[in-house]
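Please read the structure below before turning to the comments.
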Protein chains: 2
Amino acid sequence: MKFTPLIQELIDSFKILPGVGPKSAQRMAFQLLEQNQTGAARLAKALQTALSGICKCKICRNFSEQENCPVCSELTRVESGQVCVVATPSDVLAIEETGHYHGRYFVLMGLLSPLDGVGPEELGLDLLAQQLSAGQISELILATPPSIEGDATAYYITDMAKDTTAKVSQLAQGVPMGGDISNIDSRTLGHAFSGRKFIEQS
Amino acid sequence: MKFTPLIQELIDSFKILPGVGPKSAQRMAFQLLEQNQTGAARLAKALQTALSGICKCKICRNFSEQENCPVCSELTRVESGQVCVVATPSDVLAIEETGHYHGRYFVLMGLLSPLDGVGPEELGLDLLAQQLSAGQISELILATPPSIEGDATAYYITDMAKDTTAKVSQLAQGVPMGGDISNIDSRTLGHAFSGRKFIEQS
Ligand SMILES: [Zn+2]
Ligand SMILES: [Zn+2]
């Protein structure tokens with residue numbers, strides 16, 4: 001005997017989630033069906049509403065429910081001329097929690113990784129280039145994670161900004177090697193922000 | 001800055017799942033939105049199809065996609081006269097995997113727990129009583145877990161079978177105390193099946 005096809009498909013679908021193996025997926029499926037069908041319906045609806053209702057901000061590429069996200073709609077942030085470049089939406093939240101930064105963001109939604117087919121286009125770097133050449137950015141703060149891909153991405157963006165008026169800075173050392181920006185406690189991250197260094201642009 | 005309402009609702013919905021805390025829920029939401037929207041759509045659909053397509057078998061109460069589940073539709077299982085009483089659908093699968101048992105099942109979908117409002121009615125014991133008094137059951141094998149609630153449930157069912165022709169047996173000791181039936185390796189569980197003991201019915 002096997003699971004019925006509908007249950008098997010539900011279990012297989014749960015396995016899509018990060019950190020969920022076969023045993024957990026099975027537990028999730030049975031627990032919802034046995035004890036929490038209301039919860040199951042809520043999760044299904046939340047997924048669908050999110051998929052249809054969430055787009056990317058046309059300015060910063062962060063998840064948004066409007067064309068321009070709330071951050072990019074704040075005049076003081078735009079007028080600061082500061083743009084912090086991060087890999088993921090979670091990084092934006094982690095930086096906001098430090099209270100150290102009041103500019104706007106640019107969310108790459110990834111890092112350069114040629115082997116995985118992630119090039120400058122996938123990260124929206126043409127959009128960032130436009131914003132740079134339009135002269136709207138006075139400081140580009142690179143908050144990509146300290147990893148091979150993070151460093152390659154930071155290097156690429158630094159090069160993009162070379163012939164513009166934008167200064168390029170990078171979060172101070174203090175961000176632990178190999179760590180995700182979004183997992184760093186906000187005090188450490190706050191210090192890294194204050195101590196950011198400007199990068200020599202040759 | 002907070003998450004947008006749709007993302008927050010998605011995160012909160014993931015927290016419904018067993019073993020998923022705030023951090024994991026956030027990771028799940030962002031990972032699906034950033035990297036696997038196809039997977040998100042698949043999970044949403046699987047949840048909805050399961051909710052609308054899965055019912056309980058009218059004979060054994062196990063999850064089924066038809067009125068009578070495949071197990072209850074097998075004539076040899078029905079004619080065996082053996083009915084194994086288990087707490088959950090996962091227990092059915094674990095027992096099937098041993099290959100030691102060829103009768104049918106009765107799935108309680110829980111255990112007696114008066115404080116949580118789970119009484120005989122919630123476990124479908126009126127249906128089991130009907131089957132007992134109809135004389136269709138020659139042996140009732142109790143495979144409820146060895147816990148306070150499992151023992152109370154087994155005791156209650158033994159009492160129900162008292163004035164019927166059904167013999168009542170219980171899985172042999174060997175099932176570890178406090179363990180879930182579905183988490184036991186199939187060899188141990190197979191031994192417990194072979195060594196099941198008949199219970200004195202006063
Ligand atoms: Zn934006
Ligand atoms: Zn059945």
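Ordering of the structure tokens sets the chain letters (A, B, ...); residue numbers start at 1 within each chain; ligands are numbered from 1 in the order shown.
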Based on only C-alpha atoms, which of the residues in chain B come within 6 Å of chain A? I want them as an MDAnalysis selection string. chainID B and resid 6 10 13 17 28 43:44 46:47 50
Once you have the residues from the selection above, write them out as a PDB file, in the first residue's frame, restricted to N, CA and C atoms.
ATOM      1  N   LEU B   6       0.917  40.904   2.401  1.00  0.00           N
ATOM      2  CA  LEU B   6       0.808  39.596   1.743  1.00  0.00           C
ATOM      3  C   LEU B   6       1.955  38.667   2.144  1.00  0.00           C
ATOM      4  N   LEU B  10       1.773  35.225   4.384  1.00  0.00           N
ATOM      5  CA  LEU B  10       2.389  33.981   3.906  1.00  0.00           C
ATOM      6  C   LEU B  10       3.293  33.388   4.989  1.00  0.00           C
ATOM      7  N   SER B  13       1.239  31.949   7.727  1.00  0.00           N
ATOM      8  CA  SER B  13       0.609  30.688   7.312  1.00  0.00           C
ATOM      9  C   SER B  13       1.593  29.534   7.382  1.00  0.00           C
ATOM     10  N   LEU B  17       2.544  25.133  10.110  1.00  0.00           N
ATOM     11  CA  LEU B  17       3.105  23.793   9.897  1.00  0.00           C
ATOM     12  C   LEU B  17       3.876  23.304  11.120  1.00  0.00           C
ATOM     13  N   MET B  28      11.123  30.079   4.199  1.00  0.00           N
ATOM     14  CA  MET B  28      10.253  29.399   3.233  1.00  0.00           C
ATOM     15  C   MET B  28       9.566  30.405   2.308  1.00  0.00           C
ATOM     16  N   LEU B  43       2.448  23.840  -4.548  1.00  0.00           N
ATOM     17  CA  LEU B  43       2.037  23.569  -3.169  1.00  0.00           C
ATOM     18  C   LEU B  43       0.617  24.066  -2.911  1.00  0.00           C
ATOM     19  N   ALA B  44       0.312  25.270  -3.409  1.00  0.00           N
ATOM     20  CA  ALA B  44      -1.038  25.817  -3.232  1.00  0.00           C
ATOM     21  C   ALA B  44      -2.070  24.886  -3.854  1.00  0.00           C
ATOM     22  N   ALA B  46      -1.715  21.648  -4.582  1.00  0.00           N
ATOM     23  CA  ALA B  46      -1.739  20.352  -3.885  1.00  0.00           C
ATOM     24  C   ALA B  46      -2.591  20.436  -2.622  1.00  0.00           C
ATOM     25  N   LEU B  47      -2.470  21.564  -1.905  1.00  0.00           N
ATOM     26  CA  LEU B  47      -3.254  21.752  -0.682  1.00  0.00           C
ATOM     27  C   LEU B  47      -4.749  21.788  -1.011  1.00  0.00           C
ATOM     28  N   ALA B  50      -6.047  18.396  -2.276  1.00  0.00           N
ATOM     29  CA  ALA B  50      -6.147  17.449  -1.167  1.00  0.00           C
ATOM     30  C   ALA B  50      -7.368  17.754  -0.316  1.00  0.00           C
TER      31      ALA B  50
END
Extract, using only C-alpha atoms, all DNA, RNA and protein residues at most 6 Å from Ser138 (chain A), discarding same-chain residues fewer than 5 positions from it, and format them as a PDB file with C-alpha atoms, in the first residue's frame.
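Result file selection_38.pdb:
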ATOM      1  CA  GLY A  81      21.191  59.898  -2.788  1.00  0.00           C
ATOM      2  CA  GLN A  82      22.288  56.759  -0.942  1.00  0.00           C
ATOM      3  CA  ALA A 166      28.594  57.982  -7.373  1.00  0.00           C
TER       4      ALA A 166
END
Taking the DSSP secondary structure from the backbone, can you list the residues of region 109-192 of chain B that are helix (DSSP H, G or I), as a ChimeraX atom specification? /B:114-116,125-133,148-160,181-183,186-192
Taking only C-alpha atoms and all ligand atoms into account, which residues are within 8 Å of ligand 1, as an MDAnalysis selection string? chainID A and resid 56:64 68:73 104:106
Output C-alpha atoms for every residue in the selection just made, as a PDB file, in the first residue's frame.
ATOM      1  CA  LYS A  56       8.922  43.705  -7.849  1.00  0.00           C
ATOM      2  CA  CYS A  57       9.336  47.427  -7.215  1.00  0.00           C
ATOM      3  CA  LYS A  58      10.250  49.183 -10.468  1.00  0.00           C
ATOM      4  CA  ILE A  59      12.932  51.206  -8.725  1.00  0.00           C
ATOM      5  CA  CYS A  60      14.620  48.859  -6.262  1.00  0.00           C
ATOM      6  CA  ARG A  61      13.399  45.379  -7.317  1.00  0.00           C
ATOM      7  CA  ASN A  62      12.319  44.535  -3.762  1.00  0.00           C
ATOM      8  CA  PHE A  63       9.059  42.647  -3.304  1.00  0.00           C
ATOM      9  CA  SER A  64       6.186  45.079  -3.321  1.00  0.00           C
ATOM     10  CA  ASN A  68       6.892  51.460  -6.343  1.00  0.00           C
ATOM     11  CA  CYS A  69       7.529  50.041  -2.895  1.00  0.00           C
ATOM     12  CA  PRO A  70       6.926  52.081   0.294  1.00  0.00           C
ATOM     13  CA  VAL A  71      10.672  52.663   0.758  1.00  0.00           C
ATOM     14  CA  CYS A  72      11.167  54.059  -2.737  1.00  0.00           C
ATOM     15  CA  SER A  73       8.104  56.234  -2.216  1.00  0.00           C
ATOM     16  CA  ARG A 104      16.995  53.517  -0.327  1.00  0.00           C
ATOM     17  CA  TYR A 105      17.942  50.047  -1.564  1.00  0.00           C
ATOM     18  CA  PHE A 106      18.667  48.076  -4.657  1.00  0.00           C
TER      19      PHE A 106
END
Where in region 13-180 of chain A does DSSP assign strand (DSSP E or B), given as a ChimeraX atom specification? /A:55-56,63-64,82-86,104-107,113,118,139-142,167-170,173,175
Would you save the residues of that selection, restricted to C-alpha atoms, as a tab-separated table (two decimals), in the first residue's frame?
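Once everything was written out, this is result15.tsv:
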chain	number	residue	atom	x	y	z
A	55	CYS	CA	5.49	42.11	-7.79
A	56	LYS	CA	8.92	43.71	-7.85
A	63	PHE	CA	9.06	42.65	-3.30
A	64	SER	CA	6.19	45.08	-3.32
A	82	GLN	CA	22.29	56.76	-0.94
A	83	VAL	CA	21.53	53.37	-2.43
A	84	CYS	CA	22.37	50.21	-0.51
A	85	VAL	CA	22.84	47.17	-2.74
A	86	VAL	CA	21.75	43.89	-1.16
A	104	ARG	CA	16.99	53.52	-0.33
A	105	TYR	CA	17.94	50.05	-1.56
A	106	PHE	CA	18.67	48.08	-4.66
A	107	VAL	CA	17.77	44.41	-4.30
A	113	SER	CA	26.91	33.10	-10.50
A	118	VAL	CA	22.92	34.21	-13.10
A	139	GLU	CA	26.69	56.89	-2.76
A	140	LEU	CA	26.38	53.23	-3.60
A	141	ILE	CA	26.75	51.13	-0.44
A	142	LEU	CA	27.63	47.53	-1.23
A	167	LYS	CA	31.01	57.09	-4.61
A	168	VAL	CA	31.10	53.40	-3.83
A	169	SER	CA	31.41	52.10	-0.26
A	170	GLN	CA	31.26	48.68	1.29
A	173	GLN	CA	34.63	44.14	8.08
A	175	VAL	CA	30.35	40.87	8.83
In terms of the shortest atom-to-atom distance over only C-alpha atoms and all ligand atoms, which of B:Glu67, B:Pro145, B:Ala192, B:Gly21 is closest to ligand 2?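 Result for the nearest residue to ligand 2: B:Glu67.
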I want to know what sits within 9 Å of Ser133 (chain B), based on only C-alpha atoms, with residues of the same chain fewer than 6 positions away left out; could you give that as JSON, numbers by chain? {"B": [161, 163, 164, 165]}
Write out the residues from the selection above, keeping C-alpha atoms, as an mmCIF file, in the first residue's frame.
data_model
loop_
_atom_site.group_PDB
_atom_site.id
_atom_site.type_symbol
_atom_site.label_atom_id
_atom_site.label_comp_id
_atom_site.auth_asym_id
_atom_site.auth_seq_id
_atom_site.Cartn_x
_atom_site.Cartn_y
_atom_site.Cartn_z
ATOM 1 C CA ALA B 161 -15.842 -5.705 22.422
ATOM 2 C CA ASP B 163 -20.084 -8.868 24.676
ATOM 3 C CA THR B 164 -19.227 -9.643 21.061
ATOM 4 C CA THR B 165 -17.657 -12.650 19.384
#
Please provide chain A as a PDB file with C-alpha atoms, in the first residue's frame, once it has been superposed on chain B by least squares across all sequentially paired Cα atoms.
ATOM      1  CA  MET A   1       9.621  48.840   8.004  1.00  0.00           C
ATOM      2  CA  LYS A   2       7.746  45.567   8.166  1.00  0.00           C
ATOM      3  CA  PHE A   3       6.975  42.861   5.687  1.00  0.00           C
ATOM      4  CA  THR A   4       4.155  43.770   3.321  1.00  0.00           C
ATOM      5  CA  PRO A   5       0.803  42.317   4.481  1.00  0.00           C
ATOM      6  CA  LEU A   6       0.771  39.560   1.839  1.00  0.00           C
ATOM      7  CA  ILE A   7       4.261  38.380   2.739  1.00  0.00           C
ATOM      8  CA  GLN A   8       3.478  38.563   6.462  1.00  0.00           C
ATOM      9  CA  GLU A   9       0.356  36.453   5.940  1.00  0.00           C
ATOM     10  CA  LEU A  10       2.384  33.919   3.945  1.00  0.00           C
ATOM     11  CA  ILE A  11       4.987  33.716   6.727  1.00  0.00           C
ATOM     12  CA  ASP A  12       2.267  33.367   9.390  1.00  0.00           C
ATOM     13  CA  SER A  13       0.641  30.609   7.341  1.00  0.00           C
ATOM     14  CA  PHE A  14       3.892  28.655   7.164  1.00  0.00           C
ATOM     15  CA  LYS A  15       4.115  28.844  10.954  1.00  0.00           C
ATOM     16  CA  ILE A  16       1.031  26.618  11.050  1.00  0.00           C
ATOM     17  CA  LEU A  17       3.177  23.704   9.873  1.00  0.00           C
ATOM     18  CA  PRO A  18       4.599  21.375  12.543  1.00  0.00           C
ATOM     19  CA  GLY A  19       8.211  22.149  13.419  1.00  0.00           C
ATOM     20  CA  VAL A  20       8.248  25.476  11.597  1.00  0.00           C
ATOM     21  CA  GLY A  21       9.231  28.527  13.675  1.00  0.00           C
ATOM     22  CA  PRO A  22       9.366  32.201  12.672  1.00  0.00           C
ATOM     23  CA  LYS A  23      12.839  31.986  11.074  1.00  0.00           C
ATOM     24  CA  SER A  24      12.040  28.900   8.993  1.00  0.00           C
ATOM     25  CA  ALA A  25       8.684  30.350   7.951  1.00  0.00           C
ATOM     26  CA  GLN A  26      10.410  33.489   6.721  1.00  0.00           C
ATOM     27  CA  ARG A  27      13.002  31.455   4.833  1.00  0.00           C
ATOM     28  CA  MET A  28      10.264  29.374   3.211  1.00  0.00           C
ATOM     29  CA  ALA A  29       8.278  32.424   2.111  1.00  0.00           C
ATOM     30  CA  PHE A  30      11.262  34.269   0.645  1.00  0.00           C
ATOM     31  CA  GLN A  31      12.771  31.212  -0.981  1.00  0.00           C
ATOM     32  CA  LEU A  32       9.520  30.402  -2.770  1.00  0.00           C
ATOM     33  CA  LEU A  33       8.898  33.996  -3.862  1.00  0.00           C
ATOM     34  CA  GLU A  34      12.489  34.617  -4.939  1.00  0.00           C
ATOM     35  CA  GLN A  35      13.442  31.330  -6.484  1.00  0.00           C
ATOM     36  CA  ASN A  36      10.547  28.978  -6.861  1.00  0.00           C
ATOM     37  CA  GLN A  37       7.210  30.518  -7.723  1.00  0.00           C
ATOM     38  CA  THR A  38       6.366  27.382  -9.706  1.00  0.00           C
ATOM     39  CA  GLY A  39       6.883  25.374  -6.530  1.00  0.00           C
ATOM     40  CA  ALA A  40       4.691  27.788  -4.575  1.00  0.00           C
ATOM     41  CA  ALA A  41       1.886  27.389  -7.113  1.00  0.00           C
ATOM     42  CA  ARG A  42       2.285  23.620  -6.989  1.00  0.00           C
ATOM     43  CA  LEU A  43       2.033  23.562  -3.196  1.00  0.00           C
ATOM     44  CA  ALA A  44      -1.047  25.807  -3.230  1.00  0.00           C
ATOM     45  CA  LYS A  45      -2.719  23.526  -5.764  1.00  0.00           C
ATOM     46  CA  ALA A  46      -1.743  20.342  -3.904  1.00  0.00           C
ATOM     47  CA  LEU A  47      -3.253  21.706  -0.690  1.00  0.00           C
ATOM     48  CA  GLN A  48      -6.504  22.665  -2.354  1.00  0.00           C
ATOM     49  CA  THR A  49      -6.840  19.434  -4.307  1.00  0.00           C
ATOM     50  CA  ALA A  50      -6.127  17.422  -1.185  1.00  0.00           C
ATOM     51  CA  LEU A  51      -8.685  19.370   0.837  1.00  0.00           C
ATOM     52  CA  SER A  52     -11.399  18.894  -1.756  1.00  0.00           C
ATOM     53  CA  GLY A  53     -10.480  15.410  -2.964  1.00  0.00           C
ATOM     54  CA  ILE A  54      -9.613  13.508   0.193  1.00  0.00           C
ATOM     55  CA  CYS A  55     -12.396  12.126   2.363  1.00  0.00           C
ATOM     56  CA  LYS A  56     -12.532   9.447   5.032  1.00  0.00           C
ATOM     57  CA  CYS A  57     -13.277   5.839   4.110  1.00  0.00           C
ATOM     58  CA  LYS A  58     -16.776   4.914   5.294  1.00  0.00           C
ATOM     59  CA  ILE A  59     -15.536   1.609   6.659  1.00  0.00           C
ATOM     60  CA  CYS A  60     -12.155   2.300   8.245  1.00  0.00           C
ATOM     61  CA  ARG A  61     -12.005   6.127   8.471  1.00  0.00           C
ATOM     62  CA  ASN A  62      -8.595   6.226   6.776  1.00  0.00           C
ATOM     63  CA  PHE A  63      -7.954   8.981   4.246  1.00  0.00           C
ATOM     64  CA  SER A  64      -9.302   7.941   0.889  1.00  0.00           C
ATOM     65  CA  GLU A  65     -10.149   9.349  -2.500  1.00  0.00           C
ATOM     66  CA  GLN A  66     -13.206   7.087  -2.755  1.00  0.00           C
ATOM     67  CA  GLU A  67     -16.048   6.266  -0.342  1.00  0.00           C
ATOM     68  CA  ASN A  68     -14.343   2.970   0.418  1.00  0.00           C
ATOM     69  CA  CYS A  69     -10.561   2.954   0.495  1.00  0.00           C
ATOM     70  CA  PRO A  70      -8.490   0.451  -1.538  1.00  0.00           C
ATOM     71  CA  VAL A  71      -7.726  -1.616   1.582  1.00  0.00           C
ATOM     72  CA  CYS A  72     -11.375  -1.994   2.558  1.00  0.00           C
ATOM     73  CA  SER A  73     -12.162  -2.896  -1.041  1.00  0.00           C
ATOM     74  CA  GLU A  74      -9.871  -5.953  -0.938  1.00  0.00           C
ATOM     75  CA  LEU A  75     -12.090  -8.958  -0.325  1.00  0.00           C
ATOM     76  CA  THR A  76      -9.387 -11.113   1.319  1.00  0.00           C
ATOM     77  CA  ARG A  77      -8.684  -8.422   3.883  1.00  0.00           C
ATOM     78  CA  VAL A  78     -12.355  -8.081   4.747  1.00  0.00           C
ATOM     79  CA  GLU A  79     -12.838 -11.842   4.889  1.00  0.00           C
ATOM     80  CA  SER A  80      -9.865 -12.275   7.236  1.00  0.00           C
ATOM     81  CA  GLY A  81     -12.111 -10.897   9.960  1.00  0.00           C
ATOM     82  CA  GLN A  82      -9.089  -9.105  11.413  1.00  0.00           C
ATOM     83  CA  VAL A  83      -9.300  -5.401  12.151  1.00  0.00           C
ATOM     84  CA  CYS A  84      -6.246  -3.521  13.354  1.00  0.00           C
ATOM     85  CA  VAL A  85      -7.079  -0.373  15.314  1.00  0.00           C
ATOM     86  CA  VAL A  86      -4.568   2.450  14.884  1.00  0.00           C
ATOM     87  CA  ALA A  87      -4.420   6.094  15.864  1.00  0.00           C
ATOM     88  CA  THR A  88      -3.312   7.610  12.541  1.00  0.00           C
ATOM     89  CA  PRO A  89      -3.039   6.966   8.781  1.00  0.00           C
ATOM     90  CA  SER A  90       0.761   6.974   9.164  1.00  0.00           C
ATOM     91  CA  ASP A  91       0.429   3.965  11.455  1.00  0.00           C
ATOM     92  CA  VAL A  92      -1.373   2.059   8.687  1.00  0.00           C
ATOM     93  CA  LEU A  93       1.523   2.709   6.343  1.00  0.00           C
ATOM     94  CA  ALA A  94       4.104   1.650   8.927  1.00  0.00           C
ATOM     95  CA  ILE A  95       2.246  -1.616   9.579  1.00  0.00           C
ATOM     96  CA  GLU A  96       1.763  -2.308   5.873  1.00  0.00           C
ATOM     97  CA  GLU A  97       5.519  -1.966   5.419  1.00  0.00           C
ATOM     98  CA  THR A  98       6.179  -4.826   7.847  1.00  0.00           C
ATOM     99  CA  GLY A  99       4.351  -7.249   5.535  1.00  0.00           C
ATOM    100  CA  HIS A 100       3.151  -9.093   8.672  1.00  0.00           C
ATOM    101  CA  TYR A 101      -0.481  -8.146   8.481  1.00  0.00           C
ATOM    102  CA  HIS A 102      -3.140  -8.786   5.851  1.00  0.00           C
ATOM    103  CA  GLY A 103      -6.384  -7.787   7.521  1.00  0.00           C
ATOM    104  CA  ARG A 104      -8.102  -4.438   7.393  1.00  0.00           C
ATOM    105  CA  TYR A 105      -7.802  -1.388   9.645  1.00  0.00           C
ATOM    106  CA  PHE A 106      -9.793   0.980  11.744  1.00  0.00           C
ATOM    107  CA  VAL A 107      -8.232   4.427  11.938  1.00  0.00           C
ATOM    108  CA  LEU A 108      -9.182   6.427  15.019  1.00  0.00           C
ATOM    109  CA  MET A 109      -7.617   9.678  13.769  1.00  0.00           C
ATOM    110  CA  GLY A 110      -6.604  10.411  17.344  1.00  0.00           C
ATOM    111  CA  LEU A 111      -6.800   8.950  20.844  1.00  0.00           C
ATOM    112  CA  LEU A 112      -9.215   9.455  23.714  1.00  0.00           C
ATOM    113  CA  SER A 113      -8.346  12.718  25.403  1.00  0.00           C
ATOM    114  CA  PRO A 114     -11.274  14.117  27.358  1.00  0.00           C
ATOM    115  CA  LEU A 115      -9.395  17.287  28.314  1.00  0.00           C
ATOM    116  CA  ASP A 116      -8.930  18.108  24.624  1.00  0.00           C
ATOM    117  CA  GLY A 117     -12.553  17.296  23.877  1.00  0.00           C
ATOM    118  CA  VAL A 118     -11.732  14.022  22.125  1.00  0.00           C
ATOM    119  CA  GLY A 119     -14.278  11.421  23.174  1.00  0.00           C
ATOM    120  CA  PRO A 120     -15.482   8.130  21.657  1.00  0.00           C
ATOM    121  CA  GLU A 121     -17.601   9.992  19.102  1.00  0.00           C
ATOM    122  CA  GLU A 122     -14.638  11.952  17.686  1.00  0.00           C
ATOM    123  CA  LEU A 123     -12.791   8.669  17.147  1.00  0.00           C
ATOM    124  CA  GLY A 124     -15.729   7.098  15.290  1.00  0.00           C
ATOM    125  CA  LEU A 125     -16.143   4.410  17.922  1.00  0.00           C
ATOM    126  CA  ASP A 126     -19.889   4.188  17.194  1.00  0.00           C
ATOM    127  CA  LEU A 127     -18.946   2.962  13.718  1.00  0.00           C
ATOM    128  CA  LEU A 128     -16.567   0.394  15.204  1.00  0.00           C
ATOM    129  CA  ALA A 129     -19.326  -0.697  17.612  1.00  0.00           C
ATOM    130  CA  GLN A 130     -21.667  -1.271  14.667  1.00  0.00           C
ATOM    131  CA  GLN A 131     -19.074  -3.401  12.911  1.00  0.00           C
ATOM    132  CA  LEU A 132     -18.486  -5.380  16.102  1.00  0.00           C
ATOM    133  CA  SER A 133     -22.169  -6.055  16.719  1.00  0.00           C
ATOM    134  CA  ALA A 134     -22.692  -7.001  13.074  1.00  0.00           C
ATOM    135  CA  GLY A 135     -20.343  -9.906  13.797  1.00  0.00           C
ATOM    136  CA  GLN A 136     -17.952  -9.039  10.938  1.00  0.00           C
ATOM    137  CA  ILE A 137     -14.911  -8.868  13.181  1.00  0.00           C
ATOM    138  CA  SER A 138     -13.271 -12.021  14.521  1.00  0.00           C
ATOM    139  CA  GLU A 139     -10.149 -10.350  15.887  1.00  0.00           C
ATOM    140  CA  LEU A 140      -9.597  -6.771  16.940  1.00  0.00           C
ATOM    141  CA  ILE A 141      -5.868  -6.010  17.060  1.00  0.00           C
ATOM    142  CA  LEU A 142      -5.120  -2.946  19.165  1.00  0.00           C
ATOM    143  CA  ALA A 143      -2.112  -1.061  17.816  1.00  0.00           C
ATOM    144  CA  THR A 144      -2.600   2.140  19.744  1.00  0.00           C
ATOM    145  CA  PRO A 145       0.630   3.658  21.047  1.00  0.00           C
ATOM    146  CA  PRO A 146       1.830   2.737  24.568  1.00  0.00           C
ATOM    147  CA  SER A 147       0.999   6.036  26.264  1.00  0.00           C
ATOM    148  CA  ILE A 148      -1.569   7.124  28.825  1.00  0.00           C
ATOM    149  CA  GLU A 149      -4.022   8.125  26.115  1.00  0.00           C
ATOM    150  CA  GLY A 150      -3.196   5.095  23.979  1.00  0.00           C
ATOM    151  CA  ASP A 151      -3.776   2.751  26.907  1.00  0.00           C
ATOM    152  CA  ALA A 152      -7.030   4.490  27.875  1.00  0.00           C
ATOM    153  CA  THR A 153      -8.253   4.147  24.303  1.00  0.00           C
ATOM    154  CA  ALA A 154      -7.247   0.474  24.156  1.00  0.00           C
ATOM    155  CA  TYR A 155      -9.029  -0.150  27.447  1.00  0.00           C
ATOM    156  CA  TYR A 156     -12.191   1.563  26.208  1.00  0.00           C
ATOM    157  CA  ILE A 157     -12.253  -0.450  22.981  1.00  0.00           C
ATOM    158  CA  THR A 158     -11.565  -3.726  24.818  1.00  0.00           C
ATOM    159  CA  ASP A 159     -14.591  -2.974  26.944  1.00  0.00           C
ATOM    160  CA  MET A 160     -16.699  -2.260  23.841  1.00  0.00           C
ATOM    161  CA  ALA A 161     -15.835  -5.689  22.428  1.00  0.00           C
ATOM    162  CA  LYS A 162     -16.682  -7.538  25.646  1.00  0.00           C
ATOM    163  CA  ASP A 163     -20.091  -8.853  24.654  1.00  0.00           C
ATOM    164  CA  THR A 164     -19.243  -9.635  21.060  1.00  0.00           C
ATOM    165  CA  THR A 165     -17.650 -12.646  19.396  1.00  0.00           C
ATOM    166  CA  ALA A 166     -14.502 -10.665  18.546  1.00  0.00           C
ATOM    167  CA  LYS A 167     -11.280 -11.612  20.274  1.00  0.00           C
ATOM    168  CA  VAL A 168      -9.171  -8.643  21.269  1.00  0.00           C
ATOM    169  CA  SER A 169      -5.372  -8.675  20.976  1.00  0.00           C
ATOM    170  CA  GLN A 170      -2.703  -6.079  21.455  1.00  0.00           C
ATOM    171  CA  LEU A 171       0.716  -5.588  19.855  1.00  0.00           C
ATOM    172  CA  ALA A 172       3.450  -7.349  21.808  1.00  0.00           C
ATOM    173  CA  GLN A 173       5.704  -5.381  24.067  1.00  0.00           C
ATOM    174  CA  GLY A 174       8.622  -4.280  21.998  1.00  0.00           C
ATOM    175  CA  VAL A 175       6.977  -1.112  20.940  1.00  0.00           C
ATOM    176  CA  PRO A 176       9.089   1.434  22.826  1.00  0.00           C
ATOM    177  CA  MET A 177       7.365   3.412  25.555  1.00  0.00           C
ATOM    178  CA  GLY A 178       6.221   6.839  24.496  1.00  0.00           C
ATOM    179  CA  GLY A 179       7.068   6.203  20.825  1.00  0.00           C
ATOM    180  CA  ASP A 180       4.818   6.787  17.860  1.00  0.00           C
ATOM    181  CA  ILE A 181       3.857   3.637  16.028  1.00  0.00           C
ATOM    182  CA  SER A 182       4.763   5.257  12.713  1.00  0.00           C
ATOM    183  CA  ASN A 183       8.329   5.974  13.800  1.00  0.00           C
ATOM    184  CA  ILE A 184       9.239   2.400  14.715  1.00  0.00           C
ATOM    185  CA  ASP A 185      11.455   0.516  12.297  1.00  0.00           C
ATOM    186  CA  SER A 186       9.542  -2.157  10.430  1.00  0.00           C
ATOM    187  CA  ARG A 187      11.482  -5.116  11.894  1.00  0.00           C
ATOM    188  CA  THR A 188      10.634  -4.189  15.484  1.00  0.00           C
ATOM    189  CA  LEU A 189       7.084  -3.509  14.493  1.00  0.00           C
ATOM    190  CA  GLY A 190       6.892  -6.816  12.647  1.00  0.00           C
ATOM    191  CA  HIS A 191       8.054  -8.685  15.776  1.00  0.00           C
ATOM    192  CA  ALA A 192       5.525  -6.832  17.888  1.00  0.00           C
ATOM    193  CA  PHE A 193       2.860  -8.001  15.472  1.00  0.00           C
ATOM    194  CA  SER A 194       3.842 -11.653  15.543  1.00  0.00           C
ATOM    195  CA  GLY A 195       4.032 -11.600  19.332  1.00  0.00           C
ATOM    196  CA  ARG A 196       0.715  -9.881  19.921  1.00  0.00           C
ATOM    197  CA  LYS A 197      -1.165 -11.083  22.985  1.00  0.00           C
ATOM    198  CA  PHE A 198      -4.841 -11.752  23.416  1.00  0.00           C
ATOM    199  CA  ILE A 199      -6.421  -9.738  26.165  1.00  0.00           C
ATOM    200  CA  GLU A 200      -8.519 -11.423  28.841  1.00  0.00           C
ATOM    201  CA  GLN A 201     -12.076 -10.221  28.451  1.00  0.00           C
ATOM    202  CA  SER A 202     -13.872 -10.348  31.755  1.00  0.00           C
TER     203      SER A 202
END
